[in-house]
Structure formats: C-alpha cells, structure tokens
$ cat work_33.pdb   # PDB, C-alpha atoms
MODEL        1
ATOM      1  CA  MET A   1      65.259   5.263  51.466
ATOM      2  CA  GLU A   2      66.183   6.239  47.896
ATOM      3  CA  LEU A   3      64.016   6.408  44.794
ATOM      4  CA  ARG A   4      66.654   4.298  43.060
ATOM      5  CA  ALA A   5      66.025   1.439  45.492
ATOM      6  CA  LEU A   6      62.280   1.663  44.886
ATOM      7  CA  ARG A   7      62.835   1.632  41.122
ATOM      8  CA  TYR A   8      65.038  -1.456  41.401
ATOM      9  CA  PHE A   9      62.444  -3.127  43.629
ATOM     10  CA  VAL A  10      59.593  -2.475  41.186
ATOM     11  CA  THR A  11      61.676  -3.823  38.290
ATOM     12  CA  VAL A  12      62.515  -7.045  40.164
ATOM     13  CA  ALA A  13      58.848  -7.400  41.144
ATOM     14  CA  GLU A  14      57.803  -7.100  37.497
ATOM     15  CA  GLU A  15      60.424  -9.543  36.243
ATOM     16  CA  LEU A  16      60.503 -11.898  39.264
ATOM     17  CA  HIS A  17      64.111 -12.515  38.279
ATOM     18  CA  PHE A  18      67.162 -10.556  39.463
ATOM     19  CA  GLY A  19      69.152 -11.182  36.285
ATOM     20  CA  ARG A  20      66.431  -9.957  33.937
ATOM     21  CA  ALA A  21      65.820  -6.957  36.198
ATOM     22  CA  ALA A  22      69.527  -6.061  35.994
ATOM     23  CA  GLU A  23      69.381  -6.280  32.184
ATOM     24  CA  ARG A  24      66.392  -3.922  32.081
ATOM     25  CA  LEU A  25      68.143  -1.487  34.405
ATOM     26  CA  ASN A  26      71.413  -1.815  32.449
ATOM     27  CA  ILE A  27      73.415  -2.540  35.615
ATOM     28  CA  VAL A  28      75.125  -5.594  37.093
ATOM     29  CA  GLN A  29      73.052  -8.064  39.096
ATOM     30  CA  PRO A  30      74.989  -7.651  42.398
ATOM     31  CA  ALA A  31      74.044  -3.964  42.410
ATOM     32  CA  VAL A  32      70.361  -4.895  42.189
ATOM     33  CA  SER A  33      70.694  -7.493  44.947
ATOM     34  CA  HIS A  34      72.517  -4.981  47.145
ATOM     35  CA  GLN A  35      69.811  -2.337  46.755
ATOM     36  CA  ILE A  36      67.010  -4.820  47.456
ATOM     37  CA  ALA A  37      68.794  -6.104  50.567
ATOM     38  CA  ARG A  38      69.323  -2.535  51.740
ATOM     39  CA  LEU A  39      65.664  -1.685  51.151
ATOM     40  CA  GLU A  40      64.581  -4.763  53.111
ATOM     41  CA  ARG A  41      66.840  -3.685  55.993
ATOM     42  CA  ASP A  42      65.418  -0.153  55.906
ATOM     43  CA  LEU A  43      61.857  -1.461  55.973
ATOM     44  CA  GLY A  44      62.561  -4.235  58.446
ATOM     45  CA  THR A  45      60.827  -6.901  56.374
ATOM     46  CA  ARG A  46      61.486  -9.361  53.533
ATOM     47  CA  LEU A  47      60.069  -8.297  50.214
ATOM     48  CA  PHE A  48      60.902 -11.435  48.217
ATOM     49  CA  ASP A  49      60.952 -15.162  48.834
ATOM     50  CA  ARG A  50      64.084 -16.370  47.025
ATOM     51  CA  SER A  51      65.061 -19.885  46.032
ATOM     52  CA  PRO A  52      67.429 -21.260  43.342
ATOM     53  CA  ARG A  53      64.420 -21.676  41.038
ATOM     54  CA  HIS A  54      61.926 -18.973  42.002
ATOM     55  CA  VAL A  55      61.621 -15.367  43.123
ATOM     56  CA  ARG A  56      58.240 -14.442  44.595
ATOM     57  CA  LEU A  57      56.856 -11.386  46.329
ATOM     58  CA  THR A  58      56.018 -11.842  49.996
ATOM     59  CA  SER A  59      52.729 -10.474  51.334
ATOM     60  CA  ALA A  60      54.679  -7.452  52.584
ATOM     61  CA  GLY A  61      56.290  -7.143  49.144
ATOM     62  CA  LEU A  62      52.878  -6.962  47.475
ATOM     63  CA  ARG A  63      51.835  -4.156  49.801
ATOM     64  CA  VAL A  64      55.088  -2.263  49.289
ATOM     65  CA  LEU A  65      54.836  -2.674  45.494
ATOM     66  CA  GLU A  66      51.646  -0.610  45.299
ATOM     67  CA  ALA A  67      53.148   2.143  47.448
ATOM     68  CA  ALA A  68      56.447   2.083  45.528
ATOM     69  CA  ARG A  69      54.700   2.510  42.175
ATOM     70  CA  GLU A  70      52.686   5.428  43.575
ATOM     71  CA  THR A  71      55.855   7.041  44.969
ATOM     72  CA  LEU A  72      57.755   6.722  41.688
ATOM     73  CA  ALA A  73      54.791   8.128  39.748
ATOM     74  CA  ALA A  74      54.587  11.074  42.142
ATOM     75  CA  ALA A  75      58.320  11.721  41.787
ATOM     76  CA  ALA A  76      58.003  11.647  37.990
ATOM     77  CA  ARG A  77      55.171  14.132  38.145
ATOM     78  CA  VAL A  78      57.234  16.466  40.338
ATOM     79  CA  ARG A  79      59.950  16.468  37.676
ATOM     80  CA  VAL A  80      57.381  17.269  34.992
ATOM     81  CA  VAL A  81      55.849  20.111  37.017
ATOM     82  CA  ALA A  82      59.334  21.528  37.678
ATOM     83  CA  GLY A  83      59.767  21.969  33.931
ATOM     84  CA  GLU A  84      61.622  20.097  31.209
ATOM     85  CA  PRO A  85      63.702  21.452  28.294
ATOM     86  CA  ALA A  86      61.656  22.342  25.216
ATOM     87  CA  ALA A  87      63.149  19.424  23.297
ATOM     88  CA  HIS A  88      61.385  17.001  25.630
ATOM     89  CA  LEU A  89      58.073  15.451  24.634
ATOM     90  CA  ARG A  90      56.122  14.708  27.834
ATOM     91  CA  ILE A  91      53.804  11.700  27.454
ATOM     92  CA  GLY A  92      51.407  10.306  30.032
ATOM     93  CA  VAL A  93      51.535   6.587  29.372
ATOM     94  CA  ALA A  94      49.293   3.575  29.698
ATOM     95  CA  PRO A  95      51.022   0.385  30.938
ATOM     96  CA  GLY A  96      52.080  -2.070  28.250
ATOM     97  CA  LEU A  97      52.620   0.180  25.231
ATOM     98  CA  THR A  98      56.360  -0.308  24.786
ATOM     99  CA  ALA A  99      56.468  -1.151  21.076
ATOM    100  CA  ARG A 100      53.894   1.487  20.140
ATOM    101  CA  LEU A 101      55.681   4.125  22.222
ATOM    102  CA  GLU A 102      59.072   3.373  20.693
ATOM    103  CA  ARG A 103      57.677   3.647  17.179
ATOM    104  CA  ALA A 104      55.738   6.825  17.918
ATOM    105  CA  ALA A 105      58.617   8.546  19.690
ATOM    106  CA  GLU A 106      60.875   7.841  16.717
ATOM    107  CA  LEU A 107      58.321   9.370  14.351
ATOM    108  CA  LEU A 108      57.554  12.399  16.506
ATOM    109  CA  LEU A 109      61.163  13.252  17.337
ATOM    110  CA  ASP A 110      62.696  12.462  13.959
ATOM    111  CA  GLY A 111      65.061  15.276  12.980
ATOM    112  CA  VAL A 112      64.759  17.046  16.349
ATOM    113  CA  ARG A 113      68.072  17.349  18.217
ATOM    114  CA  PRO A 114      68.426  17.084  21.132
ATOM    115  CA  ALA A 115      65.324  14.909  21.343
ATOM    116  CA  HIS A 116      63.989  13.147  24.410
ATOM    117  CA  ALA A 117      60.647  11.725  25.442
ATOM    118  CA  SER A 118      59.699  11.839  29.121
ATOM    119  CA  LEU A 119      57.279   9.029  29.977
ATOM    120  CA  VAL A 120      55.105   9.680  33.028
ATOM    121  CA  ASP A 121      53.102   6.782  34.489
ATOM    122  CA  LEU A 122      50.059   8.219  36.286
ATOM    123  CA  PRO A 123      46.543   6.930  37.036
ATOM    124  CA  VAL A 124      44.171   8.008  34.277
ATOM    125  CA  PRO A 125      42.427  10.806  36.243
ATOM    126  CA  ALA A 126      45.813  12.359  37.105
ATOM    127  CA  ARG A 127      46.979  11.806  33.518
ATOM    128  CA  LEU A 128      44.035  13.810  32.158
ATOM    129  CA  ALA A 129      44.507  16.548  34.758
ATOM    130  CA  ALA A 130      48.195  16.859  33.815
ATOM    131  CA  VAL A 131      47.307  17.326  30.125
ATOM    132  CA  ARG A 132      44.667  19.902  31.037
ATOM    133  CA  ALA A 133      47.167  21.810  33.186
ATOM    134  CA  GLY A 134      49.875  21.758  30.507
ATOM    135  CA  GLU A 135      52.147  19.476  32.552
ATOM    136  CA  LEU A 136      52.023  16.825  29.793
ATOM    137  CA  ASP A 137      52.058  17.316  26.019
ATOM    138  CA  LEU A 138      49.804  14.330  25.447
ATOM    139  CA  ALA A 139      48.483  11.241  27.180
ATOM    140  CA  LEU A 140      47.451   7.777  26.080
ATOM    141  CA  VAL A 141      44.339   6.050  27.386
ATOM    142  CA  ARG A 142      42.715   2.745  26.555
ATOM    143  CA  GLY A 143      38.930   2.846  26.541
ATOM    144  CA  PRO A 144      36.365   5.655  26.129
ATOM    145  CA  VAL A 145      37.183   9.004  27.732
ATOM    146  CA  GLU A 146      34.690  11.681  28.740
ATOM    147  CA  ALA A 147      36.573  14.689  30.104
ATOM    148  CA  ASP A 148      36.276  18.456  29.859
ATOM    149  CA  GLY A 149      39.163  20.629  28.810
ATOM    150  CA  VAL A 150      40.968  18.079  26.661
ATOM    151  CA  ARG A 151      40.746  16.775  23.117
ATOM    152  CA  VAL A 152      40.155  13.032  22.737
ATOM    153  CA  VAL A 153      41.054  11.317  19.452
ATOM    154  CA  ARG A 154      40.774   7.604  18.733
ATOM    155  CA  ALA A 155      44.108   6.345  17.400
ATOM    156  CA  TRP A 156      44.246   2.547  17.502
ATOM    157  CA  SER A 157      42.392  -0.640  18.385
ATOM    158  CA  GLU A 158      43.663  -3.734  20.215
ATOM    159  CA  SER A 159      42.230  -7.199  20.677
ATOM    160  CA  LEU A 160      41.508  -8.334  24.214
ATOM    161  CA  LEU A 161      42.870 -11.729  25.257
ATOM    162  CA  ALA A 162      41.717 -14.019  28.021
ATOM    163  CA  VAL A 163      44.676 -14.495  30.386
ATOM    164  CA  VAL A 164      44.617 -17.681  32.469
ATOM    165  CA  SER A 165      47.160 -19.659  34.466
ATOM    166  CA  ASP A 166      49.016 -22.576  32.888
ATOM    167  CA  GLU A 167      46.924 -24.819  35.141
ATOM    168  CA  HIS A 168      43.542 -23.408  34.092
ATOM    169  CA  PRO A 169      41.211 -25.904  32.332
ATOM    170  CA  ALA A 170      41.081 -23.595  29.294
ATOM    171  CA  ALA A 171      44.862 -23.177  29.030
ATOM    172  CA  GLY A 172      45.242 -25.747  26.259
ATOM    173  CA  LEU A 173      42.462 -24.401  24.037
ATOM    174  CA  PRO A 174      43.286 -22.554  20.787
ATOM    175  CA  VAL A 175      40.477 -20.047  21.478
ATOM    176  CA  VAL A 176      37.994 -19.530  24.274
ATOM    177  CA  ARG A 177      34.486 -18.102  24.461
ATOM    178  CA  PRO A 178      33.813 -15.525  27.207
ATOM    179  CA  ALA A 179      30.610 -17.370  28.057
ATOM    180  CA  ASP A 180      32.662 -20.503  28.859
ATOM    181  CA  LEU A 181      34.739 -18.746  31.514
ATOM    182  CA  ASP A 182      33.561 -18.350  35.099
ATOM    183  CA  ARG A 183      32.538 -14.700  35.248
ATOM    184  CA  ALA A 184      32.785 -14.715  39.054
ATOM    185  CA  ALA A 185      36.490 -15.650  38.767
ATOM    186  CA  LEU A 186      37.284 -12.615  36.591
ATOM    187  CA  ARG A 187      39.852 -10.258  38.118
ATOM    188  CA  LEU A 188      40.289  -6.666  36.891
ATOM    189  CA  PRO A 189      42.565  -3.850  38.063
ATOM    190  CA  ALA A 190      41.027  -1.263  40.369
ATOM    191  CA  ARG A 191      38.652   1.070  38.533
ATOM    192  CA  GLU A 192      40.053   4.198  40.189
ATOM    193  CA  GLU A 193      43.438   3.538  38.561
ATOM    194  CA  ASP A 194      42.069   3.320  35.005
ATOM    195  CA  PRO A 195      38.297   3.960  34.744
ATOM    196  CA  ALA A 196      38.320   4.025  30.940
ATOM    197  CA  LEU A 197      39.971   0.606  30.586
ATOM    198  CA  HIS A 198      37.870  -0.925  33.343
ATOM    199  CA  ASP A 199      34.584   0.310  31.848
ATOM    200  CA  ALA A 200      35.583  -0.686  28.317
ATOM    201  CA  VAL A 201      36.341  -4.257  29.425
ATOM    202  CA  ALA A 202      33.080  -4.430  31.383
ATOM    203  CA  SER A 203      31.137  -3.162  28.375
ATOM    204  CA  ALA A 204      32.795  -5.696  26.059
ATOM    205  CA  LEU A 205      31.937  -8.519  28.445
ATOM    206  CA  ASN A 206      28.339  -7.390  28.785
ATOM    207  CA  GLN A 207      27.995  -7.438  25.008
ATOM    208  CA  ALA A 208      29.377 -10.992  25.004
ATOM    209  CA  GLY A 209      26.732 -12.059  27.544
ATOM    210  CA  GLY A 210      27.110 -13.902  30.822
ATOM    211  CA  GLY A 211      26.593 -13.377  34.534
ATOM    212  CA  ALA A 212      27.853 -10.834  37.015
ATOM    213  CA  MET A 213      31.507  -9.777  36.850
ATOM    214  CA  GLY A 214      34.083 -10.807  39.417
ATOM    215  CA  ARG A 215      35.893  -8.452  41.753
ATOM    216  CA  SER A 216      38.330  -5.634  40.984
ATOM    217  CA  GLY A 217      41.315  -4.299  42.879
ATOM    218  CA  GLY A 218      45.026  -3.545  42.759
ATOM    219  CA  SER A 219      47.227  -2.961  39.753
ATOM    220  CA  ILE A 220      47.596  -4.997  36.556
ATOM    221  CA  LEU A 221      50.664  -6.661  38.056
ATOM    222  CA  THR A 222      48.749  -7.634  41.191
ATOM    223  CA  VAL A 223      46.006  -9.159  39.037
ATOM    224  CA  LEU A 224      48.542 -11.088  36.938
ATOM    225  CA  ILE A 225      50.199 -12.481  40.070
ATOM    226  CA  GLU A 226      46.829 -13.744  41.310
ATOM    227  CA  VAL A 227      46.006 -15.270  37.923
ATOM    228  CA  GLY A 228      49.428 -16.927  37.723
ATOM    229  CA  ASN A 229      48.937 -18.519  41.121
ATOM    230  CA  GLY A 230      46.083 -20.597  39.696
ATOM    231  CA  HIS A 231      42.820 -21.302  41.522
ATOM    232  CA  GLY A 232      40.754 -20.487  38.419
ATOM    233  CA  ALA A 233      41.172 -16.696  38.329
ATOM    234  CA  TRP A 234      41.444 -15.049  34.912
ATOM    235  CA  THR A 235      41.585 -11.571  33.418
ATOM    236  CA  LEU A 236      41.311  -9.690  30.132
ATOM    237  CA  LEU A 237      44.286  -7.770  28.744
ATOM    238  CA  THR A 238      45.751  -6.790  25.401
ATOM    239  CA  ALA A 239      48.882  -8.466  24.054
ATOM    240  CA  GLU A 240      50.880  -5.248  24.569
ATOM    241  CA  GLN A 241      49.818  -5.005  28.207
ATOM    242  CA  LEU A 242      50.782  -8.609  28.872
ATOM    243  CA  ALA A 243      54.176  -8.240  27.179
ATOM    244  CA  GLY A 244      54.866  -5.087  29.165
ATOM    245  CA  PHE A 245      54.658  -6.954  32.467
ATOM    246  CA  ALA A 246      56.715 -10.036  31.507
ATOM    247  CA  ALA A 247      54.117 -12.220  33.247
ATOM    248  CA  ARG A 248      55.037 -15.732  34.338
ATOM    249  CA  ARG A 249      52.923 -18.896  34.591
ATOM    250  CA  VAL A 250      50.095 -17.440  32.501
ATOM    251  CA  ARG A 251      48.765 -18.047  29.016
ATOM    252  CA  ALA A 252      46.906 -15.650  26.693
ATOM    253  CA  LEU A 253      44.044 -17.043  24.612
ATOM    254  CA  PRO A 254      42.218 -15.396  21.672
ATOM    255  CA  LEU A 255      38.506 -14.829  22.234
ATOM    256  CA  ASP A 256      35.643 -16.044  20.069
ATOM    257  CA  PRO A 257      33.874 -13.801  19.252
ATOM    258  CA  PRO A 258      36.715 -11.277  19.316
ATOM    259  CA  LEU A 259      36.562  -8.385  21.772
ATOM    260  CA  THR A 260      38.477  -5.170  21.105
ATOM    261  CA  ILE A 261      39.337  -1.978  22.942
ATOM    262  CA  ASP A 262      40.156   1.411  21.446
ATOM    263  CA  GLY A 263      43.199   3.508  22.340
ATOM    264  CA  HIS A 264      42.989   7.306  22.463
ATOM    265  CA  VAL A 265      45.409  10.202  22.272
ATOM    266  CA  ILE A 266      44.564  12.981  24.730
ATOM    267  CA  ALA A 267      45.751  16.528  24.078
ATOM    268  CA  SER A 268      45.028  19.958  25.513
ATOM    269  CA  LEU A 269      42.465  22.176  23.813
ATOM    270  CA  ARG A 270      45.325  24.687  23.479
ATOM    271  CA  THR A 271      47.427  22.286  21.402
ATOM    272  CA  PRO A 272      47.458  23.289  17.703
ATOM    273  CA  GLN A 273      45.503  20.980  15.429
ATOM    274  CA  ASP A 274      48.551  20.092  13.329
ATOM    275  CA  CYS A 275      50.346  18.921  16.482
ATOM    276  CA  VAL A 276      47.355  16.814  17.541
ATOM    277  CA  SER A 277      47.226  15.279  14.066
ATOM    278  CA  SER A 278      50.922  14.382  14.241
ATOM    279  CA  PHE A 279      50.413  12.766  17.657
ATOM    280  CA  VAL A 280      47.557  10.644  16.323
ATOM    281  CA  ARG A 281      49.421   9.613  13.164
ATOM    282  CA  ALA A 282      52.366   8.458  15.267
ATOM    283  CA  PHE A 283      50.244   6.142  17.397
ATOM    284  CA  THR A 284      47.585   5.053  14.931
ATOM    285  CA  ASP A 285      47.201   1.762  13.158
ATOM    286  CA  THR A 286      43.606   2.546  12.093
ATOM    287  CA  PRO A 287      42.001   5.604  10.449
ATOM    288  CA  ASP A 288      41.818   8.613  12.796
ATOM    289  CA  THR A 289      38.417   9.075  14.368
ATOM    290  CA  GLU A 290      37.520  11.755  16.875
ATOM    291  CA  THR A 291      35.275  10.777  19.802
TER
ENDMDL
END
$ encode --input "work_33.pdb" --output "structure tokens"
Amino acid sequence: MELRALRYFVTVAEELHFGRAAERLNIVQPAVSHQIARLERDLGTRLFDRSPRHVRLTSAGLRVLEAARETLAAAARVRVVAGEPAAHLRIGVAPGLTARLERAAELLLDGVRPAHASLVDLPVPARLAAVRAGELDLALVRGPVEADGVRVVRAWSESLLAVVSDEHPAAGLPVVRPADLDRAALRLPAREEDPALHDAVASALNQAGGGAMGRSGGSILTVLIEVGNGHGAWTLLTAEQLAGFAARRVRALPLDPPLTIDGHVIASLRTPQDCVSSFVRAFTDTPDTET
C-alpha cells in the first residue's frame, strides 16, 4: 500500500467526484481510478459506491478515511522531524484555511528564493507539541488555547454558520436562530482532534441559550457527510472550513444573533518577537491581540 494511493483516496472522499479529485491532484482521472481500484484490491473491500450520478463512501470507506488521514498526517510529521531546508516555512494548519493560507504564505515568503511552505495537518495537541519542540515554525488554531511553552496570539475572527442539509426545514431561511435548531441533533467533530474549536463552539452555543448539546465524534468530513444525508442533523462551521471540504447536499445559514470564533497564531517562546509579529500580520484581518 502506497501513501500516494491513500492521498488519492482522501481527495476523492473529500470531493465525492473522481474528476474534481483529479483536478485537485493535477493528474488525469484514469490514474485516480486506477489507484483507488488498486487500493480496494489491496484492502479486499469496496471503498466507494459508484453510479453515473453519485459517488458515496461505503461504511468501510468511512472507517478507512479516518485511518488514511491519520497515516498521511503521521507521514507528514516524519518529513518535518527529518528536517527541511531553511527556506521552508513549516506551518501546522487548521482545516479549511485555504484562502487565508495562500495570502499569508505570499506575504511571508515574498522576496525569499527559493521559498516553500510545508503545510502539516495534525490534531491540535500534536500541532502544539510540534511547535514547542521546534518541528513547526508556527501553527494555526481556531478557538482559545491554553498551553505552556508556546506563545498564543489572536490574529483573526470568523463567523460561525449553521450547516444543514438541503432537506432540513430551516434550509430555505435567510437566517436562523440557534434556539430554533434542535440542540440534540447538533453534530460536532471529536473533541480530541480539536479541543479549542470544540470548546469555542460549545461556549458560543451556551451563550446563545438552549438545551443540552448533541453528540460529537469523527472528523469534520464525517460530520458533514452525516449532515448531508439529512435526518435533521446540523453542525456549526466557518465559511472557510465549509469551502475547504467541498461539501455536497448541505446549506450554510447565517446565525441571528451572530456567533464568532477567534483564530490564533501559535509560535515557540524561542521565536523572535519580530518573527511572531510578521506571522500575525500575515494572517490577521483584525487588530493583533495577545491572549
């Protein structure tokens, strides 16, 4: 089994379309199909249900997706630990920050040649540990962060959106109130993957009022798949997170009253202050505020 096949599989799972996955990977579609078929043969199970109109993950595919993402993240971390050229900027990323990352990387690496940014997707606890150990130059985290050995600086703020299926009773509304949504049907990613985001969303909901929260578990993609399948489930995400996963059969609704979540830049205590300031300026769209 090759890492390339796992990367192709994760991309198809995120797009749920072989053609779009091939475009993202910058390869031809038959190459993607070949790798997926080979992976299915290696694993002895079907990962996708395919039809002329739809591509869906099977139950086995959902299980493999979680493991594949973990494997690719581990492989990326191995490359970081092994050492990168000095011209590389090593960033621990939060899912769904594509536009902000592109803008920031351009600002941070302007005039530096050769210039490359290595993006490492790790769970938040591992992301913080990698910054503390010097394996990453900086990390990005949504939500409040309390951690020793790192510097935490607030850099931006994003609005949370209620994400529902196209079939949800609220789907046609211009805005929705949190109190009007079934709190028991709320689905959030597993807390151990991103404690800061999970706790920030829970805090925002508590401030908005309402009953007990629904269950948590899996990744953002797993949650979006469940929401898209209907049955009344819903979640809270930012617009950048939703765009990053190319979700299908879901609709994002503004909240009234608005709920927001802060984004933070995490740097080592050994990082010079001028470097930290440049990191924050690259990612900020609000005045810099240390937490």
$ atom_distance --input "work_33.pdb" --atom1 "CA of Val227 (chain A)" --atom2 "CA of Leu255 (chain A)"
17.4 Å
$ residues_around --input "work_33.pdb" --residues "region 56-61 of chain A" --least-positions-apart "3" --cutoff "7 Å" --atoms "all atoms listed in the file" --output "NGL selection string"
:A and (13 or 16 or 46-50 or 64-65)
$ residues_around --input "work_33.pdb" --residues "Ser157 (chain A)" --least-positions-apart "5" --cutoff "6 Å" --atoms "only C-alpha atoms" --output "list of chain:residue names"
A:Ile261, A:Asp262, A:Gly263
$ atom_distance --input "work_33.pdb" --atom1 "CA of Val152 (chain A)" --atom2 "CA of Gly92 (chain A)"
13.7 Å
$ closest_residue --input "work_33.pdb" --among "A:Ala68, A:Gly232, A:Met1, A:Glu102" --to "Leu43 (chain A)" --atoms "only C-alpha atoms"
A:Met1
$ residues_around --input "work_33.pdb" --residues "Ala133 (chain A)" --least-positions-apart "6" --cutoff "12 Å" --atoms "all atoms listed in the file" --output "list of chain:residue names"
A:Val80, A:Val81, A:Ala126, A:Arg127, A:Asp148, A:Gly149, A:Val150, A:Ala267, A:Ser268, A:Leu269, A:Arg270, A:Thr271
$ resolve_selection --input "work_33.pdb" --expression "the PyMOL selection byres ((chain A and resi 259) around 7)" --output "list in words"
Ser159, Leu160, Ala204, Leu255, Pro257, Pro258 and Thr260 of chain A
$ write_last_selection --input "work_33.pdb" --atoms "C-alpha atoms" --output "PDB file, in the coordinates of the input"
ATOM      1  CA  SER A 159      42.230  -7.199  20.677  1.00  0.00           C
ATOM      2  CA  LEU A 160      41.508  -8.334  24.214  1.00  0.00           C
ATOM      3  CA  ALA A 204      32.795  -5.696  26.059  1.00  0.00           C
ATOM      4  CA  LEU A 255      38.506 -14.829  22.234  1.00  0.00           C
ATOM      5  CA  PRO A 257      33.874 -13.801  19.252  1.00  0.00           C
ATOM      6  CA  PRO A 258      36.715 -11.277  19.316  1.00  0.00           C
ATOM      7  CA  THR A 260      38.477  -5.170  21.105  1.00  0.00           C
TER       8      THR A 260
END
$ resolve_selection --input "work_33.pdb" --expression "the PyMOL selection byres ((chain A and resi 276-283) around 6)" --output "list in words"
Ala104, Ala155, Gln273, Asp274, Cys275 and Thr284 of chain A
$ resolve_selection --input "work_33.pdb" --expression "the PyMOL selection byres ((chain A and resi 22-29) around 12)" --output "number ranges by chain"
A: 4-5, 7-21, 30-36, 244, 246
$ residues_around --input "work_33.pdb" --residues "Asp137 (chain A)" --least-positions-apart "4" --cutoff "7 Å" --atoms "all atoms listed in the file" --output "mmCIF file with C-alpha atoms, in the coordinates of the input"
data_model
loop_
_atom_site.group_PDB
_atom_site.id
_atom_site.type_symbol
_atom_site.label_atom_id
_atom_site.label_comp_id
_atom_site.auth_asym_id
_atom_site.auth_seq_id
_atom_site.Cartn_x
_atom_site.Cartn_y
_atom_site.Cartn_z
ATOM 1 C CA LEU A 89 58.073 15.451 24.634
ATOM 2 C CA ARG A 90 56.122 14.708 27.834
ATOM 3 C CA ILE A 91 53.804 11.700 27.454
ATOM 4 C CA VAL A 131 47.307 17.326 30.125
ATOM 5 C CA ALA A 267 45.751 16.528 24.078
#
$ closest_residue --input "work_33.pdb" --among "A:Ser118, A:Thr235, A:Thr71, A:Thr222" --to "Leu136 (chain A)" --atoms "only C-alpha atoms"
A:Ser118
$ atom_distance --input "work_33.pdb" --atom1 "CA of Ala94 (chain A)" --atom2 "CA of Glu192 (chain A)"
14.0 Å
$ residues_around --input "work_33.pdb" --residues "Glu167 (chain A)" --least-positions-apart "6" --cutoff "9 Å" --atoms "only C-alpha atoms" --output "number ranges by chain"
A: 228-232, 249-250
$ closest_residue --input "work_33.pdb" --among "A:Asp42, A:Glu70, A:Asp256, A:Glu226" --to "Ser165 (chain A)" --atoms "all atoms listed in the file"
A:Glu226
$ closest_residue --input "work_33.pdb" --among "A:Asp121, A:Glu158, A:Asp182, A:Glu66" --to "Ser219 (chain A)" --atoms "only C-alpha atoms"
A:Glu66
$ closest_residue --input "work_33.pdb" --among "A:Leu188, A:Ala117, A:Leu122, A:Leu39" --to "Val163 (chain A)" --atoms "only C-alpha atoms"
A:Leu188
$ build_atoms --input "work_33.pdb" --residues "region 149-164 of chain A" --atoms "N, CA, C and O atoms" --output "mmCIF file, in the frame of the given file"
data_model
loop_
_atom_site.group_PDB
_atom_site.id
_atom_site.type_symbol
_atom_site.label_atom_id
_atom_site.label_comp_id
_atom_site.auth_asym_id
_atom_site.auth_seq_id
_atom_site.Cartn_x
_atom_site.Cartn_y
_atom_site.Cartn_z
ATOM 1 N N GLY A 149 37.889 19.932 28.869
ATOM 2 C CA GLY A 149 39.163 20.629 28.810
ATOM 3 C C GLY A 149 40.265 19.911 28.080
ATOM 4 O O GLY A 149 41.419 20.368 28.098
ATOM 5 N N VAL A 150 39.969 18.795 27.441
ATOM 6 C CA VAL A 150 40.968 18.079 26.661
ATOM 7 C C VAL A 150 40.337 17.622 25.352
ATOM 8 O O VAL A 150 39.113 17.545 25.218
ATOM 9 N N ARG A 151 41.190 17.323 24.399
ATOM 10 C CA ARG A 151 40.746 16.775 23.117
ATOM 11 C C ARG A 151 41.033 15.289 23.101
ATOM 12 O O ARG A 151 42.145 14.848 23.423
ATOM 13 N N VAL A 152 40.040 14.491 22.730
ATOM 14 C CA VAL A 152 40.155 13.032 22.737
ATOM 15 C C VAL A 152 40.036 12.533 21.302
ATOM 16 O O VAL A 152 39.018 12.777 20.635
ATOM 17 N N VAL A 153 41.062 11.821 20.828
ATOM 18 C CA VAL A 153 41.054 11.317 19.452
ATOM 19 C C VAL A 153 41.392 9.825 19.462
ATOM 20 O O VAL A 153 42.415 9.409 20.020
ATOM 21 N N ARG A 154 40.525 9.042 18.861
ATOM 22 C CA ARG A 154 40.774 7.604 18.733
ATOM 23 C C ARG A 154 41.949 7.380 17.795
ATOM 24 O O ARG A 154 42.001 7.957 16.707
ATOM 25 N N ALA A 155 42.907 6.525 18.208
ATOM 26 C CA ALA A 155 44.108 6.345 17.400
ATOM 27 C C ALA A 155 44.369 4.898 17.023
ATOM 28 O O ALA A 155 44.992 4.638 15.989
ATOM 29 N N TRP A 156 43.955 3.938 17.825
ATOM 30 C CA TRP A 156 44.246 2.547 17.502
ATOM 31 C C TRP A 156 43.221 1.641 18.161
ATOM 32 O O TRP A 156 42.389 2.067 18.960
ATOM 33 N N SER A 157 43.264 0.373 17.797
ATOM 34 C CA SER A 157 42.392 -0.640 18.385
ATOM 35 C C SER A 157 43.215 -1.882 18.680
ATOM 36 O O SER A 157 44.114 -2.238 17.905
ATOM 37 N N GLU A 158 42.946 -2.532 19.815
ATOM 38 C CA GLU A 158 43.663 -3.734 20.215
ATOM 39 C C GLU A 158 42.674 -4.829 20.570
ATOM 40 O O GLU A 158 41.598 -4.557 21.126
ATOM 41 N N SER A 159 43.048 -6.056 20.292
ATOM 42 C CA SER A 159 42.230 -7.199 20.677
ATOM 43 C C SER A 159 42.465 -7.542 22.144
ATOM 44 O O SER A 159 43.602 -7.505 22.624
ATOM 45 N N LEU A 160 41.391 -7.851 22.844
ATOM 46 C CA LEU A 160 41.508 -8.334 24.214
ATOM 47 C C LEU A 160 41.744 -9.833 24.208
ATOM 48 O O LEU A 160 41.192 -10.559 23.363
ATOM 49 N N LEU A 161 42.567 -10.309 25.118
ATOM 50 C CA LEU A 161 42.870 -11.729 25.257
ATOM 51 C C LEU A 161 42.452 -12.195 26.641
ATOM 52 O O LEU A 161 42.553 -11.444 27.613
ATOM 53 N N ALA A 162 41.981 -13.412 26.719
ATOM 54 C CA ALA A 162 41.717 -14.019 28.021
ATOM 55 C C ALA A 162 43.035 -14.541 28.577
ATOM 56 O O ALA A 162 43.721 -15.331 27.926
ATOM 57 N N VAL A 163 43.413 -14.096 29.766
ATOM 58 C CA VAL A 163 44.676 -14.495 30.386
ATOM 59 C C VAL A 163 44.360 -15.429 31.546
ATOM 60 O O VAL A 163 43.662 -15.053 32.490
ATOM 61 N N VAL A 164 44.874 -16.659 31.456
ATOM 62 C CA VAL A 164 44.617 -17.681 32.469
ATOM 63 C C VAL A 164 45.951 -18.269 32.928
ATOM 64 O O VAL A 164 46.987 -18.063 32.289
#
